[in-house]
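Notes follow the structure.
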Amino acid sequence: MEKITLEDADGTMTFCVLEQTVLNGKSYILVTEDEEGDAEAFVLRDDSAQADTEALYSFVEDDDELNAVGEIFKKLLEEDDTALSV
């Protein structure tokens, strides 16, 4: 399972990438802090410019955007026999 590390002013956080998708030209990843068991998942949006050498991820907080992307991730995970509650 792919892992990513995010850095901010408070330090670093490491996440396991469960799935990825593109919606309306934006890339999204579904991540969790624990790859095993029943863990909370987060949707991150890649806000980096095409010329950037590193991805710039932000947590998706808008309910409409989160619901739209969440439904895509739910369908993708169902294909892999993985459950997701949105």
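Naming scheme: A, B, ... for chains in displayed order of the structure tokens; residues 1 onward per chain; ligands 1 onward as shown.
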Report as a PDB file with N, CA and C atoms, in the first residue's frame all protein, DNA and RNA residues lying within 12 Å of Glu36 (chain A), evaluated on only C-alpha atoms, omitting residues in the same chain fewer than 2 positions from it.
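Resulting contents of part.pdb:
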ATOM      1  N   MET A   1       0.848  -1.179   0.000  1.00  0.00           N
ATOM      2  CA  MET A   1       0.000   0.000   0.000  1.00  0.00           C
ATOM      3  C   MET A   1       0.892   1.240   0.000  1.00  0.00           C
ATOM      4  N   PHE A  15      -0.013   8.951   5.917  1.00  0.00           N
ATOM      5  CA  PHE A  15      -1.279   8.321   5.564  1.00  0.00           C
ATOM      6  C   PHE A  15      -1.042   7.186   4.583  1.00  0.00           C
ATOM      7  N   CYS A  16      -1.928   6.208   4.614  1.00  0.00           N
ATOM      8  CA  CYS A  16      -1.962   5.128   3.636  1.00  0.00           C
ATOM      9  C   CYS A  16      -2.995   5.504   2.582  1.00  0.00           C
ATOM     10  N   LEU A  18      -5.687   4.657   0.037  1.00  0.00           N
ATOM     11  CA  LEU A  18      -6.611   3.565  -0.248  1.00  0.00           C
ATOM     12  C   LEU A  18      -7.048   3.554  -1.707  1.00  0.00           C
ATOM     13  N   THR A  32      -6.076   6.959   4.888  1.00  0.00           N
ATOM     14  CA  THR A  32      -6.361   6.614   6.269  1.00  0.00           C
ATOM     15  C   THR A  32      -5.046   6.568   7.025  1.00  0.00           C
ATOM     16  N   GLU A  33      -5.108   6.751   8.332  1.00  0.00           N
ATOM     17  CA  GLU A  33      -3.890   6.707   9.134  1.00  0.00           C
ATOM     18  C   GLU A  33      -3.478   5.278   9.449  1.00  0.00           C
ATOM     19  N   ASP A  34      -4.420   4.338   9.361  1.00  0.00           N
ATOM     20  CA  ASP A  34      -4.152   2.944   9.716  1.00  0.00           C
ATOM     21  C   ASP A  34      -4.624   2.052   8.579  1.00  0.00           C
ATOM     22  N   ASP A  38     -10.614  -0.885  11.207  1.00  0.00           N
ATOM     23  CA  ASP A  38     -11.683   0.072  10.980  1.00  0.00           C
ATOM     24  C   ASP A  38     -11.191   1.463  11.368  1.00  0.00           C
ATOM     25  N   ALA A  39     -10.632   2.201  10.417  1.00  0.00           N
ATOM     26  CA  ALA A  39     -10.051   3.510  10.699  1.00  0.00           C
ATOM     27  C   ALA A  39     -10.825   4.608   9.979  1.00  0.00           C
ATOM     28  N   GLU A  40     -10.695   5.817  10.480  1.00  0.00           N
ATOM     29  CA  GLU A  40     -11.312   6.972   9.839  1.00  0.00           C
ATOM     30  C   GLU A  40     -10.554   7.286   8.548  1.00  0.00           C
ATOM     31  N   ALA A  41     -11.285   7.642   7.506  1.00  0.00           N
ATOM     32  CA  ALA A  41     -10.682   7.967   6.216  1.00  0.00           C
ATOM     33  C   ALA A  41     -10.890   9.447   5.913  1.00  0.00           C
ATOM     34  N   THR A  82     -14.102  -3.643  -0.415  1.00  0.00           N
ATOM     35  CA  THR A  82     -13.755  -2.864   0.755  1.00  0.00           C
ATOM     36  C   THR A  82     -14.928  -1.951   1.074  1.00  0.00           C
TER      37      THR A  82
END
If we count only C-alpha atoms, what is near region 6-9 of chain A at a cut-off of 8 Å, once residues fewer than 4 positions away on the same chain are taken out, given as a PDB file with C-alpha atoms, in the first residue's frame?
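Output below, filename part.pdb:
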ATOM      1  CA  MET A  13       1.387  13.109   9.234  1.00  0.00           C
ATOM      2  CA  THR A  14       1.707   9.808   7.389  1.00  0.00           C
ATOM      3  CA  TYR A  57      -2.803  18.329  -0.811  1.00  0.00           C
TER       4      TYR A  57
END
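The space between CA of Leu44 (chain A) and CA of Asp80 (chain A) spans 20.2 Å.
When DSSP reads the backbone of this structure, the residues of chain A it assigns to alpha helix (DSSP H) are Asp63, Asp64, Glu65, Leu66, Asn67, Ala68, Val69, Gly70, Glu71, Ile72, Phe73, Lys74, Lys75, Leu76, Leu77, Glu78 and Glu79 of chain A.
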Which of chain A DSSP labels strand (DSSP E), written as a ChimeraX atom specification = /A:3-8,11-23,26-32,41-46,57-59
Mind writing the picked residues with C-alpha atoms as a PDB file, in the first residue's frame?
ATOM      1  CA  LYS A   3       2.020   5.870   1.847  1.00  0.00           C
ATOM      2  CA  ILE A   4       2.319   9.648   1.738  1.00  0.00           C
ATOM      3  CA  THR A   5       3.669  12.074   4.288  1.00  0.00           C
ATOM      4  CA  LEU A   6       2.164  15.528   4.660  1.00  0.00           C
ATOM      5  CA  GLU A   7       4.013  18.371   6.337  1.00  0.00           C
ATOM      6  CA  ASP A   8       2.508  21.495   7.852  1.00  0.00           C
ATOM      7  CA  GLY A  11       4.607  18.674  11.981  1.00  0.00           C
ATOM      8  CA  THR A  12       4.164  15.651   9.748  1.00  0.00           C
ATOM      9  CA  MET A  13       1.387  13.109   9.234  1.00  0.00           C
ATOM     10  CA  THR A  14       1.707   9.808   7.389  1.00  0.00           C
ATOM     11  CA  PHE A  15      -1.279   8.321   5.564  1.00  0.00           C
ATOM     12  CA  CYS A  16      -1.962   5.128   3.636  1.00  0.00           C
ATOM     13  CA  VAL A  17      -3.519   5.745   0.225  1.00  0.00           C
ATOM     14  CA  LEU A  18      -6.611   3.565  -0.248  1.00  0.00           C
ATOM     15  CA  GLU A  19      -7.779   4.852  -3.628  1.00  0.00           C
ATOM     16  CA  GLN A  20      -7.423   7.739  -6.068  1.00  0.00           C
ATOM     17  CA  THR A  21      -9.664   9.365  -8.657  1.00  0.00           C
ATOM     18  CA  VAL A  22     -10.120  12.464 -10.812  1.00  0.00           C
ATOM     19  CA  LEU A  23     -13.291  14.593 -10.786  1.00  0.00           C
ATOM     20  CA  LYS A  26      -8.963  17.674  -9.994  1.00  0.00           C
ATOM     21  CA  SER A  27      -7.117  14.684  -8.498  1.00  0.00           C
ATOM     22  CA  TYR A  28      -8.310  13.235  -5.200  1.00  0.00           C
ATOM     23  CA  ILE A  29      -6.956  10.548  -2.896  1.00  0.00           C
ATOM     24  CA  LEU A  30      -8.690   8.624  -0.145  1.00  0.00           C
ATOM     25  CA  VAL A  31      -6.353   8.101   2.790  1.00  0.00           C
ATOM     26  CA  THR A  32      -6.361   6.614   6.269  1.00  0.00           C
ATOM     27  CA  ALA A  41     -10.682   7.967   6.216  1.00  0.00           C
ATOM     28  CA  PHE A  42     -10.032  11.397   4.717  1.00  0.00           C
ATOM     29  CA  VAL A  43     -10.389  12.789   1.206  1.00  0.00           C
ATOM     30  CA  LEU A  44      -7.517  14.968   0.027  1.00  0.00           C
ATOM     31  CA  ARG A  45      -7.503  17.144  -3.098  1.00  0.00           C
ATOM     32  CA  ASP A  46      -4.313  17.835  -5.052  1.00  0.00           C
ATOM     33  CA  TYR A  57      -2.803  18.329  -0.811  1.00  0.00           C
ATOM     34  CA  SER A  58      -5.638  19.872   1.165  1.00  0.00           C
ATOM     35  CA  PHE A  59      -8.402  18.179   3.139  1.00  0.00           C
TER      36      PHE A  59
END
